[in-house]
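Undergrad: My structure is in protein_18.txt, and what it holds is compact mmCIF, C-alpha atoms:
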# COMPACT_ATOMS: atom_id res chain seq x y z
CA MET A 1 0.00 0.00 0.00
CA PRO A 2 1.33 3.44 -0.79
CA THR A 3 2.50 5.46 2.19
CA SER A 4 -0.03 8.17 1.45
CA PHE A 5 -3.46 8.07 -0.09
CA CYS A 6 -3.91 11.84 0.03
CA ASN A 7 -2.10 12.82 -3.14
CA SER A 8 -4.58 15.63 -3.66
CA CYS A 9 -3.52 17.13 -0.33
CA LEU A 10 -0.08 17.84 -1.73
CA GLY A 11 -1.55 20.32 -4.20
CA ILE A 12 -2.55 22.66 -1.37
CA PHE A 13 0.83 24.32 -1.32
CA GLN A 14 2.27 23.55 -4.76
CA LEU A 15 0.14 26.01 -6.74
CA LYS A 16 0.37 29.04 -4.48
CA SER A 17 2.01 31.06 -7.25
CA SER A 18 -1.13 30.87 -9.39
CA PHE A 19 -3.13 32.19 -6.45
CA GLU A 20 -0.78 35.18 -6.16
CA GLU A 21 -1.04 35.89 -9.88
CA GLN A 22 -4.82 35.88 -9.67
CA THR A 23 -4.70 38.27 -6.75
CA LYS A 24 -2.42 40.66 -8.66
CA MET A 25 -4.88 40.64 -11.53
CA ASN A 26 -7.60 41.65 -9.10
CA LYS A 27 -5.55 44.73 -8.21
CA VAL A 28 -5.62 46.02 -11.79
CA ALA A 29 -9.28 46.94 -11.81
CA PRO A 30 -10.47 48.35 -8.46
CA LYS A 31 -14.05 47.72 -7.62
CA ILE A 32 -16.32 50.73 -7.05
CA LEU A 33 -18.45 50.00 -4.03
CA VAL A 34 -21.56 51.99 -3.17
CA SER A 35 -22.99 52.12 0.32
CA THR A 36 -26.67 51.24 0.12
CA LEU A 37 -27.30 52.97 3.40
CA TYR A 38 -25.86 56.28 2.19
CA LEU A 39 -27.66 55.97 -1.13
CA LEU A 40 -31.09 55.65 0.47
CA ILE A 41 -30.70 58.14 3.30
CA LEU A 42 -28.24 60.78 2.16
CA SER A 43 -28.16 60.23 -1.60
CA PHE A 44 -24.50 61.01 -1.32
CA PRO A 45 -21.76 59.15 -3.26
CA VAL A 46 -18.97 57.37 -1.44
CA GLN A 47 -15.33 57.03 -2.36
CA THR A 48 -14.04 54.32 -4.63
CA LEU A 49 -12.58 51.54 -2.51
CA THR A 50 -10.37 48.65 -3.38
CA HIS A 51 -11.06 45.34 -1.69
CA VAL A 52 -8.21 42.98 -2.44
CA ALA A 53 -7.12 39.98 -0.43
CA ASP A 54 -3.71 40.26 1.19
CA THR A 55 -1.11 38.30 -0.75
CA ASP A 56 1.79 38.21 1.66
CA ASN A 57 2.93 35.25 3.72
CA SER A 58 0.00 35.59 6.10
CA HIS A 59 -1.85 33.09 3.88
CA SER A 60 1.01 30.65 3.65
CA GLY A 61 -1.39 27.70 3.68
CA GLU A 62 -3.28 28.71 0.57
CA GLY A 63 -3.32 26.78 -2.68
CA GLU A 64 -5.70 24.93 -4.94
CA VAL A 65 -7.43 22.88 -2.28
CA PHE A 66 -10.69 22.99 -4.20
CA SER A 67 -9.19 21.66 -7.42
CA LYS A 68 -10.67 18.17 -6.93
CA SER A 69 -13.88 18.99 -5.10
CA CYS A 70 -15.96 19.46 -8.25
CA ASN A 71 -16.73 16.32 -10.24
CA ASN A 72 -13.68 14.66 -8.66
CA GLU A 73 -11.38 16.32 -11.15
CA SER A 74 -7.63 16.00 -10.92
CA PRO A 75 -5.80 18.76 -9.02
CA SER A 76 -4.10 19.75 -12.28
CA ILE A 77 -7.44 20.51 -13.94
CA SER A 78 -8.91 23.92 -13.27
CA PHE A 79 -12.62 24.52 -12.86
CA SER A 80 -14.45 25.10 -16.11
CA SER A 81 -17.90 26.38 -16.94
CA SER A 82 -19.22 22.82 -16.78
CA CYS A 83 -18.54 22.77 -13.03
CA GLN A 84 -21.78 23.49 -11.23
CA LYS A 85 -21.51 26.74 -9.31
CA SER A 86 -22.90 27.25 -5.86
CA LYS A 87 -25.86 29.57 -5.37
CA ARG A 88 -24.08 31.41 -2.62
CA THR A 89 -24.07 35.18 -2.86
CA GLU A 90 -20.68 36.64 -3.66
CA VAL A 91 -19.43 38.25 -0.51
CA SER A 92 -16.04 39.65 -1.43
CA GLN A 93 -17.46 42.89 -2.87
CA VAL A 94 -18.37 44.47 0.44
CA LEU A 95 -16.67 46.79 2.88
CA PRO A 96 -14.28 45.14 5.36
CA LEU A 97 -16.36 43.51 8.06
CA GLN A 98 -15.74 43.78 11.78
CA THR A 99 -16.47 41.39 14.62
CA ASP A 100 -15.41 42.30 18.15
CA GLY A 101 -13.19 44.96 16.67
CA LEU A 102 -11.62 42.54 14.18
CA VAL A 103 -11.33 43.24 10.46
CA PHE A 104 -11.50 40.23 8.13
CA ALA A 105 -10.15 39.96 4.60
CA ASP A 106 -13.38 38.30 3.47
CA GLN A 107 -16.88 37.86 4.84
CA ARG A 108 -16.53 34.08 4.53
CA LEU A 109 -13.78 34.22 7.13
CA GLU A 110 -15.94 36.36 9.39
CA VAL A 111 -18.77 33.82 9.15
CA VAL A 112 -16.62 30.90 10.33
CA TYR A 113 -14.77 32.91 13.01
CA PRO A 114 -17.43 32.39 15.74
CA VAL A 115 -17.71 28.72 14.72
CA ILE A 116 -14.00 28.22 15.29
CA GLN A 117 -14.02 30.13 18.57
CA LYS A 118 -16.98 28.12 19.86
CA PHE A 119 -15.20 24.89 18.98
CA LYS A 120 -12.04 26.21 20.66
CA SER A 121 -13.96 26.81 23.88
CA SER A 122 -15.19 23.20 23.83
CA ILE A 123 -11.72 21.68 23.61
CA THR A 124 -10.83 19.94 26.87
CA PHE A 125 -7.35 18.71 26.00
CA ASP A 126 -4.60 20.47 24.03
CA PRO A 127 -1.20 19.09 25.07
CA LEU A 128 0.62 20.69 22.12
CA GLY A 129 -0.87 24.14 22.61
CA VAL A 130 -2.37 24.17 19.12
CA THR A 131 -5.28 26.45 19.95
CA LYS A 132 -2.99 29.22 21.20
CA SER A 133 -2.63 30.31 17.57
CA TRP A 134 -6.40 30.50 17.06
CA VAL A 135 -6.50 34.20 17.88
CA GLY A 136 -7.33 37.23 15.73
CA SER A 137 -8.89 37.76 12.34
CA ASP A 138 -6.18 36.11 10.24
CA ILE A 139 -7.79 32.67 10.35
CA CYS A 140 -5.62 31.45 7.47
CA THR A 141 -2.60 31.46 9.81
CA TYR A 142 -4.31 29.43 12.54
CA LYS A 143 -2.44 26.18 13.08
CA GLY A 144 -4.25 23.41 11.23
CA PHE A 145 -6.31 25.77 9.02
CA HIS A 146 -5.66 26.44 5.35
CA CYS A 147 -7.40 28.86 2.99
CA ASP A 148 -8.08 28.93 -0.74
CA ASN A 149 -10.33 30.55 -3.35
CA PRO A 150 -13.67 28.66 -3.48
CA PRO A 151 -14.96 27.47 -6.87
CA ASP A 152 -18.08 29.64 -6.80
CA ASN A 153 -16.07 32.87 -6.37
CA THR A 154 -12.39 32.76 -7.22
CA SER A 155 -11.79 36.23 -5.79
CA ALA A 156 -13.03 35.22 -2.33
CA ILE A 157 -11.01 33.67 0.50
CA ALA A 158 -12.39 30.80 2.54
CA VAL A 159 -11.31 28.07 4.96
CA ALA A 160 -10.85 25.15 2.57
CA SER A 161 -8.80 22.58 4.47
CA ILE A 162 -8.31 21.47 8.06
CA ASP A 163 -5.46 19.20 9.12
CA PHE A 164 -5.56 18.25 12.80
CA ASN A 165 -3.63 15.00 12.33
CA GLY A 166 -1.69 14.11 15.45
CA PHE A 167 -2.73 17.18 17.44
CA GLN A 168 -4.16 15.00 20.25
CA LEU A 169 -6.98 17.47 20.78
CA GLY A 170 -9.86 16.41 22.99
CA ALA A 171 -13.47 17.55 22.59
CA PRO A 172 -16.88 16.05 23.40
CA THR A 173 -18.15 16.48 19.84
CA LEU A 174 -17.38 17.67 16.31
CA ASP A 175 -21.00 18.65 15.72
CA GLY A 176 -21.41 22.34 15.14
CA PHE A 177 -17.89 22.60 13.81
CA ILE A 178 -17.15 20.65 10.65
CA ASP A 179 -20.77 20.92 9.47
CA GLN A 180 -20.64 24.72 9.90
CA LEU A 181 -17.67 25.19 7.57
CA PRO A 182 -19.52 25.60 4.24
CA ASP A 183 -16.41 25.80 2.04
CA ILE A 184 -14.45 22.91 3.55
CA ALA A 185 -12.94 20.48 1.04
CA LEU A 186 -10.60 18.40 3.23
CA PHE A 187 -11.05 17.51 6.89
CA HIS A 188 -8.29 15.40 8.46
CA ALA A 189 -8.38 14.74 12.20
CA ASN A 190 -6.42 11.52 12.63
CA SER A 191 -5.15 10.63 16.12
CA ASN A 192 -7.10 12.94 18.39
CA ASN A 193 -9.56 12.38 21.23
CA PHE A 194 -12.81 13.56 19.64
CA ARG A 195 -15.98 11.91 20.89
CA GLY A 196 -19.64 11.89 19.92
CA THR A 197 -21.14 11.15 16.52
CA ILE A 198 -20.80 12.55 13.01
CA SER A 199 -23.38 15.24 12.30
CA THR A 200 -26.01 14.52 9.65
CA LYS A 201 -25.49 18.09 8.40
CA ILE A 202 -22.19 17.23 6.72
CA SER A 203 -24.22 16.11 3.71
CA LYS A 204 -24.64 19.81 2.89
CA LEU A 205 -20.88 20.31 2.46
CA SER A 206 -20.82 20.52 -1.32
CA TYR A 207 -17.01 20.61 -1.68
CA LEU A 208 -15.93 17.94 0.83
CA TYR A 209 -13.96 15.18 -0.86
CA GLU A 210 -11.70 13.85 1.93
CA LEU A 211 -12.94 12.98 5.42
CA ASP A 212 -10.51 11.37 7.87
CA VAL A 213 -11.61 11.03 11.51
CA SER A 214 -9.65 7.86 12.23
CA ASN A 215 -8.13 6.97 15.57
CA ASN A 216 -10.55 8.91 17.77
CA GLN A 217 -13.34 7.92 20.15
CA LEU A 218 -16.29 8.58 17.87
CA SER A 219 -19.28 6.30 18.37
CA GLY A 220 -22.81 5.62 17.22
CA PRO A 221 -24.01 4.11 13.95
CA PHE A 222 -22.29 4.43 10.61
CA PRO A 223 -22.55 8.10 9.50
CA MET A 224 -25.36 7.75 6.97
CA ALA A 225 -24.93 11.39 5.94
CA VAL A 226 -21.98 10.44 3.71
CA LEU A 227 -24.28 8.43 1.44
CA GLY A 228 -24.90 10.32 -1.75
CA MET A 229 -22.07 12.81 -1.21
CA ASN A 230 -20.88 12.73 -4.81
CA THR A 231 -17.73 14.72 -4.15
CA LEU A 232 -16.46 12.35 -1.44
CA THR A 233 -13.62 10.07 -2.59
CA PHE A 234 -11.75 9.35 0.66
CA LEU A 235 -13.48 8.10 3.83
CA ASP A 236 -11.46 6.93 6.83
CA LEU A 237 -13.34 5.84 9.98
CA ARG A 238 -10.70 3.45 11.35
CA PHE A 239 -10.02 2.90 15.05
CA ASN A 240 -13.23 4.32 16.50
CA LEU A 241 -16.26 2.93 18.31
CA PHE A 242 -18.81 2.90 15.49
CA SER A 243 -21.26 0.00 15.68
CA GLY A 244 -24.27 -1.53 13.96
CA GLN A 245 -24.44 -2.19 10.25
CA VAL A 246 -22.66 -0.63 7.30
CA PRO A 247 -25.11 0.46 4.57
CA PRO A 248 -24.53 -1.57 1.38
CA GLN A 249 -24.78 1.62 -0.71
CA ILE A 250 -21.40 2.82 0.56
CA PHE A 251 -19.62 0.01 -1.30
CA THR A 252 -20.94 1.19 -4.67
CA GLN A 253 -20.43 4.88 -4.01
CA ASN A 254 -17.73 6.63 -6.03
CA LEU A 255 -15.00 6.20 -3.42
CA ASP A 256 -11.32 5.51 -3.98
CA VAL A 257 -10.61 4.68 -0.33
CA LEU A 258 -12.85 3.17 2.36
CA PHE A 259 -11.25 2.36 5.71
CA ILE A 260 -13.69 1.14 8.37
CA ASN A 261 -11.50 -1.37 10.19
CA ASN A 262 -11.17 -1.55 13.98
CA ASN A 263 -14.74 -0.64 14.87
CA ASP A 264 -17.65 -2.76 16.08
CA PHE A 265 -19.67 -3.29 12.89
CA THR A 266 -21.73 -6.51 12.95
CA GLN A 267 -23.30 -7.97 9.79
CA SER A 268 -22.79 -10.27 6.85
CA LEU A 269 -20.74 -9.00 3.95
CA PRO A 270 -23.16 -7.51 1.39
CA ASP A 271 -23.60 -9.14 -2.01
CA ASN A 272 -22.95 -5.86 -3.81
CA LEU A 273 -19.39 -5.83 -2.52
CA GLY A 274 -18.43 -7.25 -5.90
CA SER A 275 -19.72 -4.14 -7.65
CA THR A 276 -17.45 -1.77 -5.77
CA HIS A 277 -15.25 0.82 -7.45
CA ILE A 278 -13.10 1.18 -4.33
CA LEU A 279 -9.34 0.81 -4.74
CA TYR A 280 -8.42 0.31 -1.08
CA LEU A 281 -10.88 -1.49 1.18
CA THR A 282 -10.23 -2.46 4.82
CA LEU A 283 -12.91 -4.21 6.89
CA ALA A 284 -10.58 -5.85 9.39
CA ASN A 285 -11.12 -6.15 13.15
CA ASN A 286 -14.89 -5.92 13.19
CA LYS A 287 -17.59 -8.58 13.51
CA PHE A 288 -18.42 -9.28 9.88
CA MET A 289 -19.81 -12.77 9.54
CA GLY A 290 -20.95 -15.26 6.94
CA PRO A 291 -19.18 -16.30 3.75
CA ILE A 292 -16.99 -14.22 1.48
CA PRO A 293 -19.32 -13.16 -1.37
CA ARG A 294 -18.74 -14.97 -4.64
CA SER A 295 -19.54 -11.71 -6.39
CA LEU A 296 -16.37 -10.09 -5.05
CA PRO A 297 -14.29 -10.66 -8.22
CA LYS A 298 -16.65 -8.40 -10.16
CA ALA A 299 -14.50 -5.64 -8.73
CA LEU A 300 -11.35 -7.14 -10.23
CA SER A 301 -10.76 -4.13 -12.50
CA THR A 302 -10.07 -1.82 -9.55
CA LEU A 303 -9.72 -3.64 -6.23
CA THR A 304 -6.07 -3.78 -5.16
CA GLU A 305 -6.21 -4.34 -1.40
CA VAL A 306 -8.73 -6.34 0.63
CA LEU A 307 -8.40 -6.71 4.40
CA PHE A 308 -10.92 -9.09 6.03
CA LEU A 309 -8.74 -10.28 8.89
CA ASN A 310 -9.96 -10.69 12.47
CA ASN A 311 -13.67 -11.02 11.78
CA GLN A 312 -16.11 -13.95 12.03
CA LEU A 313 -16.23 -15.03 8.39
CA THR A 314 -17.22 -18.64 7.77
CA GLY A 315 -17.50 -21.07 4.89
CA CYS A 316 -15.10 -21.80 2.10
CA ILE A 317 -12.91 -19.45 0.10
CA PRO A 318 -14.70 -19.03 -3.24
CA HIS A 319 -12.72 -19.99 -6.31
CA GLU A 320 -13.65 -16.64 -7.84
CA ILE A 321 -10.96 -15.07 -5.66
CA GLY A 322 -8.53 -16.15 -8.37
CA LEU A 323 -10.11 -13.61 -10.70
CA LEU A 324 -8.89 -10.65 -8.65
CA LYS A 325 -6.06 -10.02 -11.09
CA GLU A 326 -5.25 -6.54 -9.74
CA ALA A 327 -5.18 -7.58 -6.08
CA ARG A 328 -1.86 -6.98 -4.33
CA VAL A 329 -3.01 -7.73 -0.78
CA PHE A 330 -5.63 -10.26 0.31
CA ASP A 331 -5.78 -10.86 4.04
CA ALA A 332 -8.58 -12.97 5.51
CA GLY A 333 -6.60 -14.37 8.41
CA ASN A 334 -7.98 -15.14 11.86
CA ASN A 335 -11.53 -15.98 10.75
CA GLN A 336 -13.43 -19.28 10.73
CA LEU A 337 -12.94 -20.19 7.08
CA THR A 338 -12.90 -23.89 6.20
CA GLY A 339 -12.42 -26.21 3.25
CA PRO A 340 -9.64 -26.62 0.70
CA LEU A 341 -7.77 -23.74 -0.86
CA PRO A 342 -8.91 -23.14 -4.45
CA MET A 343 -6.27 -23.69 -7.09
CA SER A 344 -7.35 -20.40 -8.66
CA LEU A 345 -5.17 -18.61 -6.07
CA GLY A 346 -2.30 -19.36 -8.43
CA CYS A 347 -3.77 -16.85 -10.86
CA LEU A 348 -3.17 -13.85 -8.58
CA GLU A 349 -0.13 -12.64 -10.49
CA GLN A 350 0.02 -9.20 -8.79
CA LEU A 351 -0.40 -10.57 -5.28
CA GLN A 352 2.28 -9.53 -2.77
CA LEU A 353 0.60 -10.64 0.46
CA LEU A 354 -1.80 -13.55 1.03
CA ASN A 355 -2.85 -14.38 4.57
CA LEU A 356 -5.41 -17.08 5.31
CA ALA A 357 -4.05 -18.12 8.69
CA GLY A 358 -6.49 -19.51 11.23
CA PRO A 359 -7.05 -18.28 14.79
CA LEU A 360 -4.13 -18.43 17.16
CA CYS A 361 -5.32 -21.62 18.81
CA ARG A 362 -2.05 -23.26 19.76
CA SER A 363 -0.97 -20.52 22.15
CA LEU A 364 -4.38 -20.59 23.83
CA ILE A 365 -4.15 -24.36 24.21
CA GLN A 366 -0.72 -24.15 25.77
CA ARG A 367 -1.91 -21.51 28.22
CA GLY A 368 -4.91 -23.64 29.20
CA VAL A 369 -7.35 -21.01 27.98
CA LEU A 370 -8.77 -23.14 25.17
CA ASP A 371 -10.08 -26.63 25.91
CA ILE A 372 -10.18 -28.80 22.77
CA ARG A 373 -10.37 -32.23 24.39
CA ASN A 374 -12.49 -35.00 22.79
CA ASN A 375 -11.86 -33.87 19.24
CA CYS A 376 -9.90 -35.50 16.42
CA ILE A 377 -6.91 -33.17 16.22
CA PRO A 378 -3.67 -35.04 15.40
CA ASP A 379 -0.67 -34.77 17.76
CA LEU A 380 -2.75 -33.40 20.66
CA PRO A 381 -3.57 -35.41 23.81
CA PHE A 382 -7.03 -36.35 25.14
CA GLN A 383 -8.65 -36.74 21.73
CA ARG A 384 -11.36 -39.16 20.62
CA SER A 385 -10.59 -42.77 19.88
CA MET A 386 -9.08 -43.84 16.58
CA ILE A 387 -12.34 -45.58 15.63
CA GLU A 388 -14.42 -42.47 16.25
CA CYS A 389 -11.97 -40.27 14.37
CA ALA A 390 -11.79 -42.71 11.45
CA ASP A 391 -15.55 -42.53 11.12
CA PHE A 392 -15.41 -38.73 11.29
CA PHE A 393 -12.82 -38.45 8.52
CA ALA A 394 -14.75 -40.96 6.42
CA HIS A 395 -17.48 -38.36 6.04
CA PRO A 396 -15.71 -35.18 4.92
CA ARG A 397 -17.50 -31.83 4.80
CA PHE A 398 -17.67 -30.43 1.32
CA CYS A 399 -17.88 -26.82 0.15
CA SER A 400 -20.56 -25.65 -2.24
CA HIS A 401 -19.42 -25.69 -5.86
CA MET A 402 -16.67 -28.08 -4.77
CA TRP A 403 -15.84 -28.99 -8.36
CA PHE A 404 -14.67 -25.43 -8.98
CA HIS A 405 -11.92 -25.61 -6.37
CA SER A 406 -9.73 -27.47 -8.86
CA PHE A 407 -10.62 -25.07 -11.67
CA ILE A 408 -7.83 -22.72 -12.83
CA PRO A 409 -9.35 -19.67 -14.55
CA CYS A 410 -6.06 -18.50 -16.08
CA LYS A 411 -3.27 -19.79 -18.27
CA PHE A 412 0.11 -20.11 -16.62
CA SER A 413 3.00 -18.79 -18.68
CA PHE A 414 6.12 -20.95 -18.45
CA HIS A 415 9.54 -19.92 -19.64
CA LYS A 416 10.82 -22.01 -22.51
CA SER A 417 13.90 -22.98 -20.55
CA SER A 418 11.73 -24.28 -17.73
CA VAL A 419 9.71 -26.46 -20.06
CA SER A 420 12.78 -27.91 -21.72
CA ALA A 421 14.15 -28.87 -18.34
CA ILE A 422 11.27 -31.27 -17.78
CA PRO A 423 12.21 -34.80 -18.92
CA LYS A 424 9.94 -36.21 -21.58
CA ILE A 425 10.20 -39.75 -20.22
CA ALA A 426 10.38 -40.54 -16.54
CA PRO A 427 13.65 -42.28 -15.66
CA SER A 428 13.30 -46.00 -15.04
CA SER A 429 13.85 -47.23 -11.55
CA PRO A 430 17.10 -49.10 -10.98
Before anything else, please render the file you have as C-alpha cells.

TA:
Amino acid sequence: MPTSFCNSCLGIFQLKSSFEEQTKMNKVAPKILVSTLYLLILSFPVQTLTHVADTDNSHSGEGEVFSKSCNNESPSISFSSSCQKSKRTEVSQVLPLQTDGLVFADQRLEVVYPVIQKFKSSITFDPLGVTKSWVGSDICTYKGFHCDNPPDNTSAIAVASIDFNGFQLGAPTLDGFIDQLPDIALFHANSNNFRGTISTKISKLSYLYELDVSNNQLSGPFPMAVLGMNTLTFLDLRFNLFSGQVPPQIFTQNLDVLFINNNDFTQSLPDNLGSTHILYLTLANNKFMGPIPRSLPKALSTLTEVLFLNNQLTGCIPHEIGLLKEARVFDAGNNQLTGPLPMSLGCLEQLQLLNLAGPLCRSLIQRGVLDIRNNCIPDLPFQRSMIECADFFAHPRFCSHMWFHSFIPCKFSFHKSSVSAIPKIAPSSP
C-alpha cells in the first residue's frame, strides 16, 4: 500500500504562485463600491474603494485545495464552466467587516470565526498548545487551518482545508464545527480524542472530498450522511467505536478509499461488494460474519487491497478469488474459514501478500485457555478414539461448488527454458 493516499492534499501548497497571480490581476481593476445605506438616506456618493485579499505570507497555507472537489477532477485541472456553481451570494465585494473589533479579509472568514471560537472553547485537551494560535482575524494562519479561493467565487477567500492529524486534541463532539464550515474540502483529524457522533449536516458540504476522523473515540451508527455525497472520494473511519451495520450503498459509491476497520460493525458482507469501485478497502477487526461473497471478483478491475482479517467469516474461500487479477493484498486471516484452498489462487499474479491463517489456537491451548479435548486433532492429547476419528474423517464436509476448487481460470506462462528442463520420459527405476 502506498505510504499516502492523500495525493490531492499535496496540491494545497504547490500552486500558491497561481493564487498570487490571480490576486495581482484583481488589483488592476479596483471595484467601485456603493454604500446602500448612504444611497437611500443621504443620496451622497462614497469614495471608490479597493477590496483585495492580502497576498503576503499571512496566507502561507493557501493553494488549490478545491481543485478536486468538483466532479472529482484532478488537481491539475482547473474549474471550467461545466462545473456546477454554488448559489451562494458573492461576498467579497463588500466593505471590510468587523467582529469584536476585528477586520476580516473576506466575509466568509468572518462567518466561520465564531464557529471556530466556539469549537475552541469546547476543547478539553490540548497538550501541544495548538489552539494558542487561534486568535485574531487572520484565520488562514491558525495552526491546522488552510485557505483557498472557493470554486463559486475565485476572488473570495475561505477556509478550505483542516489538518488536525496528530494534534491530540480532545473535545466532546465535532457537531457544530465541521458541518458549519460551508467551504471545507478536506477535513483530516487523525489521532485525536474527539468523541460523539458525526453530524447529519455534513451532507450539505458541497465541496468535501476527503474525510478522515480515524483513531478517535467517535461512536454511534455508521454516518449515513456520507451516502450520496458525490464529491467524497476518501473516507477513513478506522479505530473508532462505530457500531451496527454498514449500509450496502457505501460500497458502490464513487469512493477511492474506504477504511472502516477496527470498529464494532456486525453484519454479513453484502452481495454488492463485488460491484465496488473502491481501490483500497479495509474491513478488518470488526464482527463481519458469513461467507466471502462470490460476487467479489466483479471488482477485479479496480480492487487492489482487501483486508478481512480478524472477523467472524465462515464457509469456504470461493474460487472466484482467483479472478482478482489486480489484487496486491488479500488478508482474511484469523476468521473461521474452512475447506480446501482453491487452485485459482495461483492466478493472482500481482499478489504480494496472502494471509489465510487460522485463529491463534495453539498458544491458547498451551496456556490452558482453550479446551479442545475430545476432538480429532492429530498430535494433541485427550482426543477421541481412533475408531471415532476414522468414522469422522470418512465423512468429509464439502464446500458448495466443490468442483470449482480445482478449476484454474487462467493460463500459466512458463519460460521455454523451464519447459525444456522437464524430462519427456520418466527415468526407469534401478

Undergrad: Please identify all polymer residues lying at most 12 Å from the point (-19.6, 12.0, -2.7) (file coordinates), using all atoms listed in the file, and present the result as number ranges by chain.

TA: A: 68-72, 185, 202-211, 225-235, 249-250, 252-257

Undergrad: Could you tell me which of A:Met343, A:Val246, A:Ala284, A:Val130 comes closest to Ser268 in chain A if we count only C-alpha atoms?

TA: A:Val246

Undergrad: For His319 in chain A, which residue out of A:Ala156, A:Leu345, A:Leu283, A:Val103 is the nearest one, using all atoms listed in the file?

TA: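 Result for the nearest residue to His319 in chain A: A:Leu345.
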
Undergrad: Could you please determine the separation between CA of Ser219 in chain A and CA of Val112 in chain A in Å, to one decimal place?

TA: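 CA of Val112 in chain A lies at a distance of 26.0 Å from CA of Ser219 in chain A.
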